[in-house]
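Student: My structure file run.cif, mmCIF, N, CA and C atoms, is below:
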```cif
data_coords
#
loop_
_atom_site.label_atom_id
_atom_site.label_comp_id
_atom_site.auth_asym_id
_atom_site.auth_seq_id
_atom_site.Cartn_x
_atom_site.Cartn_y
_atom_site.Cartn_z
N MET A 1 11.60 16.44 -50.54
CA MET A 1 11.26 17.72 -51.12
C MET A 1 11.66 18.82 -50.15
N THR A 2 12.32 19.83 -50.67
CA THR A 2 12.70 20.99 -49.87
C THR A 2 12.09 22.23 -50.48
N VAL A 3 11.45 23.04 -49.65
CA VAL A 3 10.78 24.26 -50.09
C VAL A 3 11.55 25.45 -49.54
N THR A 4 12.02 26.31 -50.44
CA THR A 4 12.72 27.53 -50.03
C THR A 4 12.11 28.78 -50.65
N SER A 5 11.06 28.59 -51.44
CA SER A 5 10.38 29.70 -52.09
C SER A 5 8.88 29.55 -51.91
N PRO A 6 8.17 30.66 -51.69
CA PRO A 6 6.71 30.58 -51.58
C PRO A 6 6.06 29.94 -52.80
N ASN A 7 6.69 30.04 -53.96
CA ASN A 7 6.14 29.45 -55.18
C ASN A 7 6.09 27.93 -55.11
N GLN A 8 6.86 27.31 -54.23
CA GLN A 8 6.90 25.86 -54.10
C GLN A 8 5.86 25.32 -53.11
N LEU A 9 5.17 26.20 -52.40
CA LEU A 9 4.23 25.76 -51.37
C LEU A 9 3.07 24.96 -51.96
N GLY A 10 2.65 25.26 -53.18
CA GLY A 10 1.56 24.51 -53.82
C GLY A 10 1.94 23.05 -54.02
N ASP A 11 3.19 22.80 -54.44
CA ASP A 11 3.65 21.42 -54.61
C ASP A 11 3.71 20.69 -53.27
N LEU A 12 4.15 21.40 -52.24
CA LEU A 12 4.19 20.81 -50.90
C LEU A 12 2.78 20.49 -50.42
N LEU A 13 1.86 21.41 -50.63
CA LEU A 13 0.48 21.19 -50.20
C LEU A 13 -0.14 20.01 -50.92
N ASP A 14 0.19 19.83 -52.20
CA ASP A 14 -0.30 18.65 -52.93
C ASP A 14 0.13 17.36 -52.25
N LEU A 15 1.31 17.36 -51.65
CA LEU A 15 1.85 16.19 -50.98
C LEU A 15 1.23 15.93 -49.61
N VAL A 16 0.91 17.00 -48.88
CA VAL A 16 0.52 16.83 -47.47
C VAL A 16 -0.93 17.20 -47.15
N HIS A 17 -1.66 17.75 -48.11
CA HIS A 17 -3.05 18.16 -47.85
C HIS A 17 -3.88 16.98 -47.36
N ASP A 18 -4.70 17.22 -46.37
CA ASP A 18 -5.60 16.24 -45.76
C ASP A 18 -4.89 15.15 -44.96
N ARG A 19 -3.59 15.27 -44.76
CA ARG A 19 -2.90 14.33 -43.86
C ARG A 19 -3.16 14.79 -42.43
N TRP A 20 -3.08 13.85 -41.50
CA TRP A 20 -3.41 14.09 -40.09
C TRP A 20 -2.16 14.37 -39.27
N PHE A 21 -2.32 15.22 -38.24
CA PHE A 21 -1.24 15.48 -37.29
C PHE A 21 -1.81 15.63 -35.89
N ASP A 22 -0.96 15.39 -34.91
CA ASP A 22 -1.30 15.50 -33.50
C ASP A 22 -0.77 16.84 -33.00
N ALA A 23 -1.65 17.77 -32.69
CA ALA A 23 -1.25 19.12 -32.28
C ALA A 23 -0.42 19.10 -30.99
N GLU A 24 -0.63 18.11 -30.15
CA GLU A 24 0.11 18.04 -28.88
C GLU A 24 1.57 17.68 -29.07
N ARG A 25 1.94 17.17 -30.24
CA ARG A 25 3.31 16.76 -30.51
C ARG A 25 4.13 17.83 -31.25
N ILE A 26 3.54 18.98 -31.48
CA ILE A 26 4.24 20.05 -32.19
C ILE A 26 4.99 20.90 -31.17
N ALA A 27 6.30 21.03 -31.38
CA ALA A 27 7.12 21.80 -30.45
C ALA A 27 8.28 22.44 -31.19
N LEU A 28 8.78 23.51 -30.61
CA LEU A 28 9.95 24.21 -31.15
C LEU A 28 11.19 23.68 -30.44
N ASP A 29 12.14 23.19 -31.22
CA ASP A 29 13.46 22.82 -30.68
C ASP A 29 14.32 24.07 -30.83
N LYS A 30 14.46 24.82 -29.72
CA LYS A 30 15.15 26.10 -29.76
C LYS A 30 16.64 25.94 -30.10
N GLU A 31 17.22 24.86 -29.65
CA GLU A 31 18.65 24.63 -29.91
C GLU A 31 18.92 24.42 -31.39
N ARG A 32 18.11 23.58 -32.02
CA ARG A 32 18.28 23.27 -33.45
C ARG A 32 17.52 24.24 -34.36
N LYS A 33 16.67 25.09 -33.76
CA LYS A 33 15.84 26.05 -34.50
C LYS A 33 14.99 25.34 -35.54
N VAL A 34 14.22 24.36 -35.06
CA VAL A 34 13.41 23.55 -35.96
C VAL A 34 12.08 23.19 -35.29
N VAL A 35 11.04 23.10 -36.11
CA VAL A 35 9.73 22.58 -35.69
C VAL A 35 9.44 21.40 -36.61
N VAL A 36 9.05 20.26 -36.02
CA VAL A 36 8.73 19.08 -36.81
C VAL A 36 7.26 18.74 -36.59
N ILE A 37 6.55 18.53 -37.70
CA ILE A 37 5.15 18.12 -37.65
C ILE A 37 5.05 16.77 -38.37
N HIS A 38 4.68 15.75 -37.62
CA HIS A 38 4.54 14.41 -38.21
C HIS A 38 3.13 14.28 -38.80
N LEU A 39 3.06 13.79 -40.04
CA LEU A 39 1.79 13.68 -40.76
C LEU A 39 1.55 12.24 -41.19
N GLU A 40 0.30 11.82 -41.09
CA GLU A 40 -0.11 10.48 -41.54
C GLU A 40 -1.32 10.59 -42.44
N GLU A 41 -1.44 9.66 -43.40
CA GLU A 41 -2.60 9.64 -44.29
C GLU A 41 -3.87 9.25 -43.53
N LYS A 42 -3.72 8.37 -42.56
CA LYS A 42 -4.87 7.89 -41.79
C LYS A 42 -4.70 8.28 -40.32
N LYS A 43 -5.76 8.82 -39.75
CA LYS A 43 -5.74 9.28 -38.37
C LYS A 43 -5.27 8.21 -37.37
N PRO A 44 -5.73 6.94 -37.49
CA PRO A 44 -5.27 5.93 -36.52
C PRO A 44 -3.75 5.70 -36.54
N ASN A 45 -3.09 6.03 -37.65
CA ASN A 45 -1.65 5.82 -37.74
C ASN A 45 -0.83 6.85 -36.95
N LEU A 46 -1.47 7.90 -36.46
CA LEU A 46 -0.74 8.91 -35.69
C LEU A 46 -0.08 8.30 -34.46
N ALA A 47 -0.74 7.37 -33.82
CA ALA A 47 -0.21 6.77 -32.59
C ALA A 47 0.91 5.78 -32.86
N ILE A 48 0.86 5.10 -34.01
CA ILE A 48 1.81 4.02 -34.26
C ILE A 48 2.81 4.33 -35.37
N GLY A 49 2.51 5.31 -36.21
CA GLY A 49 3.37 5.61 -37.35
C GLY A 49 3.15 4.61 -38.46
N SER A 50 3.58 4.98 -39.66
CA SER A 50 3.44 4.08 -40.80
C SER A 50 4.55 4.38 -41.79
N LYS A 51 4.70 3.48 -42.75
CA LYS A 51 5.72 3.68 -43.79
C LYS A 51 5.35 4.84 -44.70
N ASP A 52 4.08 5.27 -44.67
CA ASP A 52 3.62 6.39 -45.49
C ASP A 52 3.68 7.73 -44.77
N GLY A 53 4.14 7.73 -43.53
CA GLY A 53 4.21 8.97 -42.76
C GLY A 53 5.20 9.95 -43.35
N ILE A 54 4.90 11.22 -43.21
CA ILE A 54 5.78 12.30 -43.68
C ILE A 54 5.99 13.25 -42.52
N SER A 55 7.22 13.71 -42.37
CA SER A 55 7.51 14.75 -41.39
C SER A 55 7.81 16.04 -42.11
N LEU A 56 7.13 17.10 -41.68
CA LEU A 56 7.47 18.44 -42.16
C LEU A 56 8.49 18.99 -41.19
N VAL A 57 9.67 19.27 -41.68
CA VAL A 57 10.74 19.82 -40.86
C VAL A 57 10.88 21.29 -41.26
N ILE A 58 10.47 22.16 -40.35
CA ILE A 58 10.50 23.60 -40.59
C ILE A 58 11.77 24.14 -39.96
N ASN A 59 12.72 24.51 -40.81
CA ASN A 59 14.02 24.99 -40.36
C ASN A 59 14.00 26.50 -40.15
N ASN A 60 15.02 27.03 -39.50
CA ASN A 60 15.19 28.47 -39.25
C ASN A 60 14.08 29.01 -38.34
N ALA A 61 13.54 28.15 -37.48
CA ALA A 61 12.42 28.54 -36.62
C ALA A 61 12.90 29.31 -35.39
N GLU A 62 12.23 30.41 -35.11
CA GLU A 62 12.56 31.22 -33.94
C GLU A 62 11.47 31.19 -32.88
N ALA A 63 10.21 31.03 -33.32
CA ALA A 63 9.09 31.03 -32.38
C ALA A 63 7.96 30.19 -32.96
N LEU A 64 7.15 29.65 -32.05
CA LEU A 64 6.02 28.81 -32.43
C LEU A 64 4.79 29.23 -31.64
N ALA A 65 3.66 29.38 -32.34
CA ALA A 65 2.39 29.65 -31.68
C ALA A 65 1.36 28.70 -32.28
N VAL A 66 0.66 27.98 -31.40
CA VAL A 66 -0.40 27.06 -31.83
C VAL A 66 -1.71 27.58 -31.26
N ASN A 67 -2.61 28.00 -32.15
CA ASN A 67 -3.93 28.48 -31.74
C ASN A 67 -4.92 27.34 -31.94
N ASP A 68 -5.12 26.58 -30.87
CA ASP A 68 -5.93 25.36 -30.90
C ASP A 68 -7.22 25.57 -30.12
N THR A 69 -8.18 26.21 -30.77
CA THR A 69 -9.45 26.53 -30.09
C THR A 69 -10.33 25.31 -29.88
N GLU A 70 -10.21 24.32 -30.74
CA GLU A 70 -11.08 23.15 -30.66
C GLU A 70 -10.59 22.10 -29.66
N GLU A 71 -9.28 22.04 -29.46
CA GLU A 71 -8.65 21.12 -28.51
C GLU A 71 -9.08 19.67 -28.72
N VAL A 72 -9.04 19.23 -29.98
CA VAL A 72 -9.39 17.84 -30.28
C VAL A 72 -8.16 16.97 -30.53
N ARG A 73 -6.98 17.55 -30.46
CA ARG A 73 -5.67 16.91 -30.60
C ARG A 73 -5.31 16.57 -32.04
N ASP A 74 -6.14 15.81 -32.75
CA ASP A 74 -5.80 15.36 -34.09
C ASP A 74 -6.53 16.22 -35.14
N TYR A 75 -5.74 16.70 -36.11
CA TYR A 75 -6.26 17.61 -37.13
C TYR A 75 -5.79 17.18 -38.51
N ASP A 76 -6.55 17.58 -39.52
CA ASP A 76 -6.14 17.37 -40.90
C ASP A 76 -5.57 18.68 -41.44
N LEU A 77 -4.46 18.58 -42.14
CA LEU A 77 -3.79 19.76 -42.68
C LEU A 77 -4.56 20.28 -43.89
N ASN A 78 -4.82 21.58 -43.90
CA ASN A 78 -5.61 22.18 -44.97
C ASN A 78 -4.80 23.14 -45.83
N GLU A 79 -4.09 24.08 -45.21
CA GLU A 79 -3.37 25.10 -45.97
C GLU A 79 -1.99 25.36 -45.37
N ILE A 80 -1.07 25.77 -46.23
CA ILE A 80 0.25 26.24 -45.80
C ILE A 80 0.50 27.55 -46.53
N LYS A 81 0.71 28.62 -45.77
CA LYS A 81 0.95 29.93 -46.36
C LYS A 81 2.21 30.53 -45.74
N PHE A 82 2.84 31.43 -46.50
CA PHE A 82 4.02 32.11 -45.98
C PHE A 82 3.82 33.61 -46.08
N ASP A 83 3.90 34.28 -44.94
CA ASP A 83 3.82 35.74 -44.87
C ASP A 83 5.26 36.25 -44.87
N ALA A 84 5.78 36.53 -46.06
CA ALA A 84 7.20 36.91 -46.20
C ALA A 84 7.52 38.21 -45.47
N ALA A 85 6.59 39.15 -45.47
CA ALA A 85 6.85 40.45 -44.83
C ALA A 85 7.13 40.31 -43.34
N ASN A 86 6.47 39.33 -42.71
CA ASN A 86 6.63 39.12 -41.27
C ASN A 86 7.41 37.86 -40.93
N GLY A 87 7.86 37.12 -41.96
CA GLY A 87 8.61 35.89 -41.72
C GLY A 87 7.82 34.85 -40.95
N ARG A 88 6.55 34.66 -41.33
CA ARG A 88 5.69 33.72 -40.63
C ARG A 88 5.16 32.66 -41.58
N LEU A 89 5.35 31.41 -41.20
CA LEU A 89 4.75 30.28 -41.89
C LEU A 89 3.46 29.94 -41.16
N ILE A 90 2.36 29.86 -41.88
CA ILE A 90 1.05 29.63 -41.25
C ILE A 90 0.45 28.35 -41.82
N ILE A 91 0.15 27.42 -40.93
CA ILE A 91 -0.44 26.14 -41.30
C ILE A 91 -1.81 26.07 -40.64
N THR A 92 -2.83 25.75 -41.43
CA THR A 92 -4.18 25.63 -40.88
C THR A 92 -4.74 24.25 -41.16
N GLY A 93 -5.74 23.89 -40.38
CA GLY A 93 -6.38 22.59 -40.53
C GLY A 93 -7.81 22.72 -41.01
N GLY A 94 -8.36 21.60 -41.50
CA GLY A 94 -9.76 21.56 -41.87
C GLY A 94 -10.64 21.77 -40.65
N ILE A 95 -10.24 21.17 -39.54
CA ILE A 95 -10.83 21.48 -38.24
C ILE A 95 -10.05 22.71 -37.77
N PRO A 96 -10.73 23.76 -37.26
CA PRO A 96 -10.02 25.01 -36.98
C PRO A 96 -8.82 24.85 -36.04
N ILE A 97 -7.65 25.20 -36.58
CA ILE A 97 -6.40 25.30 -35.84
C ILE A 97 -5.47 26.16 -36.69
N ALA A 98 -4.63 26.93 -36.04
CA ALA A 98 -3.62 27.72 -36.75
C ALA A 98 -2.28 27.52 -36.06
N ILE A 99 -1.30 27.14 -36.85
CA ILE A 99 0.06 26.97 -36.35
C ILE A 99 0.90 28.03 -37.06
N GLU A 100 1.53 28.90 -36.27
CA GLU A 100 2.37 29.94 -36.84
C GLU A 100 3.80 29.73 -36.37
N VAL A 101 4.71 29.69 -37.34
CA VAL A 101 6.12 29.52 -37.04
C VAL A 101 6.85 30.75 -37.57
N LYS A 102 7.50 31.47 -36.67
CA LYS A 102 8.32 32.63 -37.07
C LYS A 102 9.64 32.06 -37.54
N VAL A 103 10.03 32.40 -38.78
CA VAL A 103 11.26 31.88 -39.36
C VAL A 103 12.14 33.03 -39.87
N THR A 104 13.45 32.80 -39.88
CA THR A 104 14.37 33.79 -40.44
C THR A 104 14.45 33.66 -41.95
N ALA A 105 14.15 32.47 -42.47
CA ALA A 105 14.11 32.21 -43.91
C ALA A 105 13.24 30.98 -44.15
N LEU A 106 12.55 30.94 -45.28
CA LEU A 106 11.69 29.81 -45.61
C LEU A 106 12.54 28.60 -45.99
N ASN A 107 12.39 27.52 -45.22
CA ASN A 107 13.09 26.27 -45.52
C ASN A 107 12.31 25.14 -44.85
N ILE A 108 11.53 24.42 -45.65
CA ILE A 108 10.72 23.31 -45.15
C ILE A 108 11.14 22.05 -45.88
N GLU A 109 11.42 21.01 -45.13
CA GLU A 109 11.74 19.72 -45.73
C GLU A 109 10.58 18.77 -45.46
N ALA A 110 10.13 18.07 -46.50
CA ALA A 110 9.14 17.00 -46.34
C ALA A 110 9.91 15.70 -46.50
N VAL A 111 10.02 14.97 -45.40
CA VAL A 111 10.82 13.74 -45.42
C VAL A 111 9.98 12.55 -44.98
N ASN A 112 10.32 11.40 -45.53
CA ASN A 112 9.66 10.16 -45.12
C ASN A 112 9.95 9.94 -43.64
N ALA A 113 8.91 9.74 -42.86
CA ALA A 113 9.07 9.62 -41.41
C ALA A 113 9.90 8.41 -41.02
N VAL A 114 9.84 7.33 -41.77
CA VAL A 114 10.63 6.13 -41.45
C VAL A 114 12.11 6.45 -41.55
N SER A 115 12.53 7.12 -42.63
CA SER A 115 13.94 7.45 -42.78
C SER A 115 14.38 8.46 -41.73
N GLN A 116 13.48 9.36 -41.33
CA GLN A 116 13.83 10.33 -40.30
C GLN A 116 14.05 9.64 -38.95
N ARG A 117 13.20 8.66 -38.63
CA ARG A 117 13.38 7.92 -37.37
C ARG A 117 14.69 7.16 -37.39
N SER A 118 15.06 6.57 -38.52
CA SER A 118 16.31 5.84 -38.64
C SER A 118 17.51 6.76 -38.44
N GLU A 119 17.45 7.97 -39.03
CA GLU A 119 18.54 8.92 -38.88
C GLU A 119 18.65 9.39 -37.44
N ALA A 120 17.53 9.63 -36.77
CA ALA A 120 17.55 10.06 -35.38
C ALA A 120 18.14 8.97 -34.48
N ALA A 121 17.79 7.73 -34.73
CA ALA A 121 18.33 6.62 -33.93
C ALA A 121 19.82 6.50 -34.13
N ALA A 122 20.29 6.75 -35.34
CA ALA A 122 21.72 6.64 -35.63
C ALA A 122 22.52 7.74 -34.94
N LYS A 123 21.89 8.89 -34.66
CA LYS A 123 22.58 10.01 -34.03
C LYS A 123 22.69 9.84 -32.52
N LYS A 124 21.87 8.98 -31.92
CA LYS A 124 21.90 8.79 -30.47
C LYS A 124 23.20 8.12 -30.07
N PRO A 125 23.81 8.59 -28.94
CA PRO A 125 25.08 7.98 -28.50
C PRO A 125 24.90 6.58 -27.98
#
```
Would you mind writing the structure in this file as structure tokens?
Tutor:
Amino acid sequence: MTVTSPNQLGDLLDLVHDRWFDAERIALDKERKVVVIHLEEKKPNLAIGSKDGISLVINNAEALAVNDTEEVRDYDLNEIKFDAANGRLIITGGIPIAIEVKVTALNIEAVNAVSQRSEAAAKKP
């Protein structure tokens, strides 16, 4: 699934709501201009991965801010919003956390984590 319009965020949220992510693994790849958030249905699968894992690939990323006041590492995804006026994608958790990604254009891919790992391995020299 690829999201390029704010109207599609509801469908994306239906797919990823209440999935777990590790806040310590969220980073901005400045070279590729991408932020990847790995999501699992079950919290214990964060460490090992599963066939049901999904990666949110946020393209066109320029900056990343993670406001992690609770510092518990693992969070459940609650909301995804897009502030078009400021070019900010905002992801919040059921446990308080806010992830803000400054983007030049809205482009989020939800991909099966297993296929993403296979593609990454194939790209390695």
Student: Run DSSP on the backbone of this structure and report the residues of stretch 25-65 of chain A it assigns to strand (DSSP E or B), as a list of chain:residue names.
Tutor: A:Leu28, A:Asp29, A:Val34, A:Val35, A:Val36, A:Ile37, A:His38, A:Leu39, A:Glu40, A:Ile54, A:Ser55, A:Leu56, A:Val57, A:Ile58, A:Asn59, A:Ala61, A:Glu62, A:Ala63, A:Leu64, A:Ala65
Student: Given the file shown, enumerate the residues that the PyMOL selection byres (((chain A and resi 21 and name CA) around 6) and name CA) captures and present them as a PyMOL selection string.
Tutor: chain A and resi 20+22+38-39+74-75
Student: Determine the nearest neighbour of A:Leu106 from the options A:Gly10, A:Pro44, A:Gly94, A:Gly87, counting only C-alpha atoms.
Tutor: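 Checking each of A:Gly10, A:Pro44, A:Gly94, A:Gly87 against A:Leu106, counting only C-alpha atoms, the winner is A:Gly87.
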Student: The PyMOL selection byres ((chain A and resi 104) around 6.5) on the file shown: which residues, as a PDB file with N, CA and C atoms, in the frame of the given file?
Tutor:
```pdb
ATOM      1  N   ASN A  59      12.720  24.510 -40.810  1.00  0.00           N
ATOM      2  CA  ASN A  59      14.020  24.990 -40.360  1.00  0.00           C
ATOM      3  C   ASN A  59      14.000  26.500 -40.150  1.00  0.00           C
ATOM      4  N   ASN A  60      15.020  27.030 -39.500  1.00  0.00           N
ATOM      5  CA  ASN A  60      15.190  28.470 -39.250  1.00  0.00           C
ATOM      6  C   ASN A  60      14.080  29.010 -38.340  1.00  0.00           C
ATOM      7  N   ALA A  61      13.540  28.150 -37.480  1.00  0.00           N
ATOM      8  CA  ALA A  61      12.420  28.540 -36.620  1.00  0.00           C
ATOM      9  C   ALA A  61      12.900  29.310 -35.390  1.00  0.00           C
ATOM     10  N   GLU A  62      12.230  30.410 -35.110  1.00  0.00           N
ATOM     11  CA  GLU A  62      12.560  31.220 -33.940  1.00  0.00           C
ATOM     12  C   GLU A  62      11.470  31.190 -32.880  1.00  0.00           C
ATOM     13  N   GLY A  87       7.860  37.120 -41.960  1.00  0.00           N
ATOM     14  CA  GLY A  87       8.610  35.890 -41.720  1.00  0.00           C
ATOM     15  C   GLY A  87       7.820  34.850 -40.950  1.00  0.00           C
ATOM     16  N   LYS A 102       7.500  31.470 -36.670  1.00  0.00           N
ATOM     17  CA  LYS A 102       8.320  32.630 -37.070  1.00  0.00           C
ATOM     18  C   LYS A 102       9.640  32.060 -37.540  1.00  0.00           C
ATOM     19  N   VAL A 103      10.030  32.400 -38.780  1.00  0.00           N
ATOM     20  CA  VAL A 103      11.260  31.880 -39.360  1.00  0.00           C
ATOM     21  C   VAL A 103      12.140  33.030 -39.870  1.00  0.00           C
ATOM     22  N   ALA A 105      14.150  32.470 -42.470  1.00  0.00           N
ATOM     23  CA  ALA A 105      14.110  32.210 -43.910  1.00  0.00           C
ATOM     24  C   ALA A 105      13.240  30.980 -44.150  1.00  0.00           C
ATOM     25  N   LEU A 106      12.550  30.940 -45.280  1.00  0.00           N
ATOM     26  CA  LEU A 106      11.690  29.810 -45.610  1.00  0.00           C
ATOM     27  C   LEU A 106      12.540  28.600 -45.990  1.00  0.00           C
TER      28      LEU A 106
END
```
Student: Would you mind writing down, as a list in words, each residue of stretch 25-97 of chain A that DSSP on the backbone assigns to alpha helix (DSSP H)?
Tutor: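 Alpha helix (DSSP H) members of stretch 25-97 of chain A, listed: Asn45, Leu46, Ala47 and Ile48 of chain A.
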Student: For the residues in the current selection, export N, CA and C atoms as a compact mmCIF listing (two decimals), in the coordinates of the input.
Tutor:
```txt
# COMPACT_ATOMS: atom_id res chain seq x y z
N ASN A 45 -3.09 6.03 -37.65
CA ASN A 45 -1.65 5.82 -37.74
C ASN A 45 -0.83 6.85 -36.95
N LEU A 46 -1.47 7.90 -36.46
CA LEU A 46 -0.74 8.91 -35.69
C LEU A 46 -0.08 8.30 -34.46
N ALA A 47 -0.74 7.37 -33.82
CA ALA A 47 -0.21 6.77 -32.59
C ALA A 47 0.91 5.78 -32.86
N ILE A 48 0.86 5.10 -34.01
CA ILE A 48 1.81 4.02 -34.26
C ILE A 48 2.81 4.33 -35.37
```
Student: Just the residues within 12 Å of A:Thr69, please, counting only C-alpha atoms, with nothing from its chain fewer than 4 positions along; format it as number ranges by chain.
Tutor: A: 23, 73, 75, 93, 95-99
Student: Quote the spacing between atom CA of A:Val101 and atom CA of A:Ala65 in Å to one decimal place.
Tutor: 6.5 Å
Student: Just the number, please: distance in Å from atom CA of A:Asn67 to atom CA of A:Asn86, one decimal.
Tutor: 17.8 Å
Student: Go ahead and compute the interatomic distance for atom CA of A:Lys33 and atom C of A:Val66, in Å to one decimal.
Tutor: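 We find that atom CA of A:Lys33 and atom C of A:Val66 lie 17.9 Å from each other.
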Student: Using all atoms listed in the file, which of the listed residues (A:Val72, A:Met1, A:Ile90, A:Ala110) sits closest to A:Glu24?
Tutor: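 Selected residue with least distance to A:Glu24: A:Val72.
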